[in-house]
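Following: one structure in structure tokens, then a few remarks.
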Amino acid sequence: MSEWYYVAVSVVSPPESGRIIDQVDLISWKTIVLDALNQMYGAVGQSSPFDIIHHEGANAIVRCQIADAERVKSALLSHTVPVASLVGGAPDAHDHSDAPLAVIGSSRYLGPASRGVRDDV
């Protein structure tokens, strides 16, 4: 049995911003996950080991230890990201919208998680 857990996550473009988030780079994904863990669980959450094993467009697959799976999922689901930090170009001074994150799949195995299947830890 694998000691890893996989979480497929996506940044959702908020309709009120009028901007489409279609690309998030690797550094931004690492920052998003670290910020989510820190915001929800503080230093304990931020110390949870994880990897971004794949990212494409506004989607990523996060690999974490099984013991941290619920912590990672709950932190991601409760976190929002400022749209201006993800969309290129000059930020709109009046646009302070945040983009929520959606967990679109999670599993002990990479295949089901990447296809949007969720299973319990």
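We name chains A, B, ... following the order of the structure tokens; residues begin at 1 in each chain, and ligands are numbered from 1 as shown.
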- [ ] Return as a PyMOL selection string the full set of residues in range 12-56 of chain A whose backbone-based DSSP assignment is strand (DSSP E).
- [x] chain A and resi 50-56
Convert the current residue selection to file output with all heavy atoms, as a CSV table (one decimal), in the first residue's frame.
```
chain,number,residue,atom,x,y,z
A,50,PHE,N,4.8,18.1,1.2
A,50,PHE,CA,4.0,17.9,0.0
A,50,PHE,C,4.8,18.2,-1.2
A,50,PHE,O,5.8,18.8,-1.1
A,50,PHE,CB,2.7,18.8,0.0
A,50,PHE,CG,3.0,20.2,-0.2
A,50,PHE,CD1,3.0,20.8,-1.5
A,50,PHE,CD2,3.3,21.0,0.9
A,50,PHE,CE1,3.3,22.1,-1.7
A,50,PHE,CE2,3.6,22.4,0.7
A,50,PHE,CZ,3.6,22.9,-0.6
A,51,ASP,N,4.3,17.7,-2.4
A,51,ASP,CA,5.0,18.0,-3.6
A,51,ASP,C,3.8,18.3,-4.6
A,51,ASP,O,2.7,17.8,-4.5
A,51,ASP,CB,5.7,16.7,-4.2
A,51,ASP,CG,6.9,16.4,-3.4
A,51,ASP,OD1,7.7,17.2,-3.1
A,51,ASP,OD2,7.0,15.2,-3.1
A,52,ILE,N,4.1,19.2,-5.6
A,52,ILE,CA,3.3,19.4,-6.7
A,52,ILE,C,3.8,18.5,-7.8
A,52,ILE,O,4.9,18.7,-8.4
A,52,ILE,CB,3.3,20.8,-7.2
A,52,ILE,CG1,3.0,21.8,-6.0
A,52,ILE,CG2,2.3,21.0,-8.4
A,52,ILE,CD1,1.6,21.7,-5.4
A,53,ILE,N,3.1,17.4,-8.1
A,53,ILE,CA,3.7,16.4,-9.0
A,53,ILE,C,3.3,16.7,-10.4
A,53,ILE,O,3.9,16.1,-11.4
A,53,ILE,CB,3.4,14.9,-8.6
A,53,ILE,CG1,1.9,14.7,-8.6
A,53,ILE,CG2,4.1,14.6,-7.2
A,53,ILE,CD1,1.6,13.2,-8.5
A,54,HIS,N,2.2,17.5,-10.6
A,54,HIS,CA,1.8,17.8,-12.0
A,54,HIS,C,1.0,19.1,-11.9
A,54,HIS,O,0.2,19.3,-11.0
A,54,HIS,CB,1.0,16.7,-12.6
A,54,HIS,CG,0.5,17.0,-14.0
A,54,HIS,ND1,1.3,16.9,-15.1
A,54,HIS,CD2,-0.7,17.3,-14.4
A,54,HIS,CE1,0.6,17.3,-16.1
A,54,HIS,NE2,-0.6,17.5,-15.8
A,55,HIS,N,1.2,20.0,-12.9
A,55,HIS,CA,0.3,21.1,-13.0
A,55,HIS,C,0.1,21.4,-14.4
A,55,HIS,O,1.0,21.3,-15.3
A,55,HIS,CB,0.9,22.3,-12.2
A,55,HIS,CG,2.1,22.9,-12.8
A,55,HIS,ND1,2.2,23.9,-13.7
A,55,HIS,CD2,3.4,22.5,-12.6
A,55,HIS,CE1,3.4,24.2,-14.0
A,55,HIS,NE2,4.2,23.3,-13.4
A,56,GLU,N,-1.1,21.8,-14.7
A,56,GLU,CA,-1.5,22.1,-16.1
A,56,GLU,C,-2.6,23.1,-16.1
A,56,GLU,O,-3.7,22.8,-15.4
A,56,GLU,CB,-1.8,20.9,-16.9
A,56,GLU,CG,-2.2,21.1,-18.3
A,56,GLU,CD,-2.4,19.8,-19.1
A,56,GLU,OE1,-1.9,18.8,-18.7
A,56,GLU,OE2,-3.1,19.9,-20.1
```
Task: Surrounding residues of Arg71 in chain A excluding itself and chain neighbours under 3 positions, 9 Å, only C-alpha atoms, as number ranges by chain - done: A: 37, 40-41, 45, 48, 67-68, 74-76
Write the residues you've just listed into a file as a tab-separated table (two decimals), in the first residue's frame, and include C-alpha atoms for each of them.
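Listing of again_30.tsv after writing:
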```tsv
chain	number	residue	atom	x	y	z
A	37	LEU	CA	-1.72	25.15	5.22
A	40	MET	CA	-5.58	26.97	8.47
A	41	TYR	CA	-3.08	25.21	10.75
A	45	GLY	CA	0.30	22.82	8.82
A	48	SER	CA	3.43	19.13	6.34
A	67	ALA	CA	-1.45	11.17	7.64
A	68	ASP	CA	-1.68	14.74	6.29
A	74	SER	CA	-9.40	21.02	4.33
A	75	ALA	CA	-6.76	23.75	4.02
A	76	LEU	CA	-7.16	23.88	0.23
```
Open item on the list: Taking the DSSP secondary structure from the backbone, can you list the residues of chain A that are alpha helix (DSSP H), as a PyMOL selection string?
Closed with: chain A and resi 26-46+69-78+83-86+110-114
Task: Atom-to-atom span, CA of Ile66 in chain A and CA of Glu3 in chain A, Å - done: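 CA of Glu3 in chain A lies 5.9 Å from CA of Ile66 in chain A.
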TODO: Extract, using only C-alpha atoms, all DNA, RNA and protein residues at most 12 Å from range 102-117 of chain A, discarding same-chain residues fewer than 4 positions from it, and format them as a PyMOL selection string.
DONE: chain A and resi 1-14+53-56+58-70+72-81+121
TODO: Please measure the separation of CA of Pro100 in chain A and CA of Leu26 in chain A, giving the value in Å to one decimal.
DONE: 17.8 Å
Task: Among listed residues A:Ser17, A:Asp25, A:Val33, A:Pro49, nearest Leu101 in chain A (using only C-alpha atoms) - done: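 Selected residue with least distance to Leu101 in chain A: A:Val33.
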Within 9 Å of Leu34 in chain A, counting only C-alpha atoms, which residues show up once you throw out same-chain ones fewer than 2 positions away? Write them as a JSON list (two decimals) with all heavy atoms, in the first residue's frame, please.
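The result, stored in part.json:
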```json
[["chain", "number", "residue", "atom", "x", "y", "z"],
["A", 29, "TRP", "N", 1.78, 27.53, -7.39],
["A", 29, "TRP", "CA", 1.10, 26.40, -6.75],
["A", 29, "TRP", "C", 1.72, 26.08, -5.40],
["A", 29, "TRP", "O", 1.01, 25.84, -4.43],
["A", 29, "TRP", "CB", 1.12, 25.16, -7.65],
["A", 29, "TRP", "CG", -0.05, 25.13, -8.57],
["A", 29, "TRP", "CD1", -0.03, 25.17, -9.93],
["A", 29, "TRP", "CD2", -1.44, 25.06, -8.21],
["A", 29, "TRP", "NE1", -1.31, 25.14, -10.43],
["A", 29, "TRP", "CE2", -2.19, 25.06, -9.39],
["A", 29, "TRP", "CE3", -2.10, 24.99, -6.99],
["A", 29, "TRP", "CZ2", -3.58, 25.01, -9.39],
["A", 29, "TRP", "CZ3", -3.50, 24.94, -6.99],
["A", 29, "TRP", "CH2", -4.21, 24.94, -8.18],
["A", 30, "LYS", "N", 3.04, 26.05, -5.33],
["A", 30, "LYS", "CA", 3.69, 25.76, -4.04],
["A", 30, "LYS", "C", 3.34, 26.83, -3.01],
["A", 30, "LYS", "O", 3.06, 26.51, -1.86],
["A", 30, "LYS", "CB", 5.20, 25.67, -4.23],
["A", 30, "LYS", "CG", 5.61, 24.40, -4.95],
["A", 30, "LYS", "CD", 7.10, 24.22, -4.97],
["A", 30, "LYS", "CE", 7.42, 22.90, -5.64],
["A", 30, "LYS", "NZ", 8.75, 22.43, -5.36],
["A", 31, "THR", "N", 3.31, 28.07, -3.45],
["A", 31, "THR", "CA", 2.95, 29.18, -2.56],
["A", 31, "THR", "C", 1.49, 29.06, -2.10],
["A", 31, "THR", "O", 1.18, 29.26, -0.92],
["A", 31, "THR", "CB", 3.18, 30.53, -3.25],
["A", 31, "THR", "OG1", 4.55, 30.61, -3.64],
["A", 31, "THR", "CG2", 2.83, 31.69, -2.35],
["A", 32, "ILE", "N", 0.61, 28.71, -3.02],
["A", 32, "ILE", "CA", -0.81, 28.56, -2.68],
["A", 32, "ILE", "C", -0.99, 27.48, -1.61],
["A", 32, "ILE", "O", -1.70, 27.68, -0.62],
["A", 32, "ILE", "CB", -1.63, 28.23, -3.94],
["A", 32, "ILE", "CG1", -1.72, 29.45, -4.86],
["A", 32, "ILE", "CG2", -3.02, 27.71, -3.58],
["A", 32, "ILE", "CD1", -2.25, 29.15, -6.25],
["A", 36, "ALA", "N", -2.18, 28.10, 2.21],
["A", 36, "ALA", "CA", -3.40, 27.45, 2.69],
["A", 36, "ALA", "C", -3.13, 26.69, 3.99],
["A", 36, "ALA", "O", -3.91, 26.79, 4.95],
["A", 36, "ALA", "CB", -3.95, 26.52, 1.62],
["A", 37, "LEU", "N", -2.05, 25.92, 4.02],
["A", 37, "LEU", "CA", -1.72, 25.15, 5.22],
["A", 37, "LEU", "C", -1.39, 26.07, 6.39],
["A", 37, "LEU", "O", -1.79, 25.82, 7.52],
["A", 37, "LEU", "CB", -0.55, 24.21, 4.93],
["A", 37, "LEU", "CG", -0.88, 23.01, 4.06],
["A", 37, "LEU", "CD1", 0.39, 22.34, 3.54],
["A", 37, "LEU", "CD2", -1.73, 22.01, 4.83],
["A", 38, "ASN", "N", -0.67, 27.15, 6.12],
["A", 38, "ASN", "CA", -0.30, 28.09, 7.17],
["A", 38, "ASN", "C", -1.53, 28.83, 7.70],
["A", 38, "ASN", "O", -1.67, 29.01, 8.91],
["A", 38, "ASN", "CB", 0.73, 29.09, 6.65],
["A", 38, "ASN", "CG", 1.24, 29.99, 7.75],
["A", 38, "ASN", "OD1", 1.54, 29.55, 8.84],
["A", 38, "ASN", "ND2", 1.34, 31.27, 7.45],
["A", 39, "GLN", "N", -2.41, 29.24, 6.81],
["A", 39, "GLN", "CA", -3.60, 29.98, 7.22],
["A", 39, "GLN", "C", -4.52, 29.11, 8.10],
["A", 39, "GLN", "O", -5.07, 29.58, 9.08],
["A", 39, "GLN", "CB", -4.37, 30.45, 6.00],
["A", 39, "GLN", "CG", -5.62, 31.23, 6.31],
["A", 39, "GLN", "CD", -6.36, 31.63, 5.06],
["A", 39, "GLN", "OE1", -6.09, 31.17, 3.96],
["A", 39, "GLN", "NE2", -7.32, 32.53, 5.22],
["A", 45, "GLY", "N", 0.76, 23.11, 10.18],
["A", 45, "GLY", "CA", 0.30, 22.82, 8.82],
["A", 45, "GLY", "C", 1.37, 23.10, 7.79],
["A", 45, "GLY", "O", 1.56, 22.32, 6.85],
["A", 46, "GLN", "N", 2.07, 24.19, 7.97],
["A", 46, "GLN", "CA", 3.11, 24.57, 7.01],
["A", 46, "GLN", "C", 4.26, 23.57, 6.99],
["A", 46, "GLN", "O", 4.96, 23.46, 5.99],
["A", 46, "GLN", "CB", 3.62, 25.97, 7.36],
["A", 46, "GLN", "CG", 4.28, 26.66, 6.22],
["A", 46, "GLN", "CD", 4.60, 28.11, 6.54],
["A", 46, "GLN", "OE1", 4.58, 28.53, 7.69],
["A", 46, "GLN", "NE2", 4.89, 28.87, 5.51],
["A", 47, "SER", "N", 4.42, 22.81, 8.05],
["A", 47, "SER", "CA", 5.51, 21.83, 8.09],
["A", 47, "SER", "C", 5.12, 20.50, 7.44],
["A", 47, "SER", "O", 5.94, 19.59, 7.36],
["A", 47, "SER", "CB", 5.97, 21.61, 9.52],
["A", 47, "SER", "OG", 4.95, 20.97, 10.27],
["A", 48, "SER", "N", 3.88, 20.37, 7.00],
["A", 48, "SER", "CA", 3.43, 19.13, 6.34],
["A", 48, "SER", "C", 4.13, 18.99, 4.99],
["A", 48, "SER", "O", 4.03, 19.88, 4.15],
["A", 48, "SER", "CB", 1.92, 19.15, 6.12],
["A", 48, "SER", "OG", 1.24, 19.25, 7.33]]
```
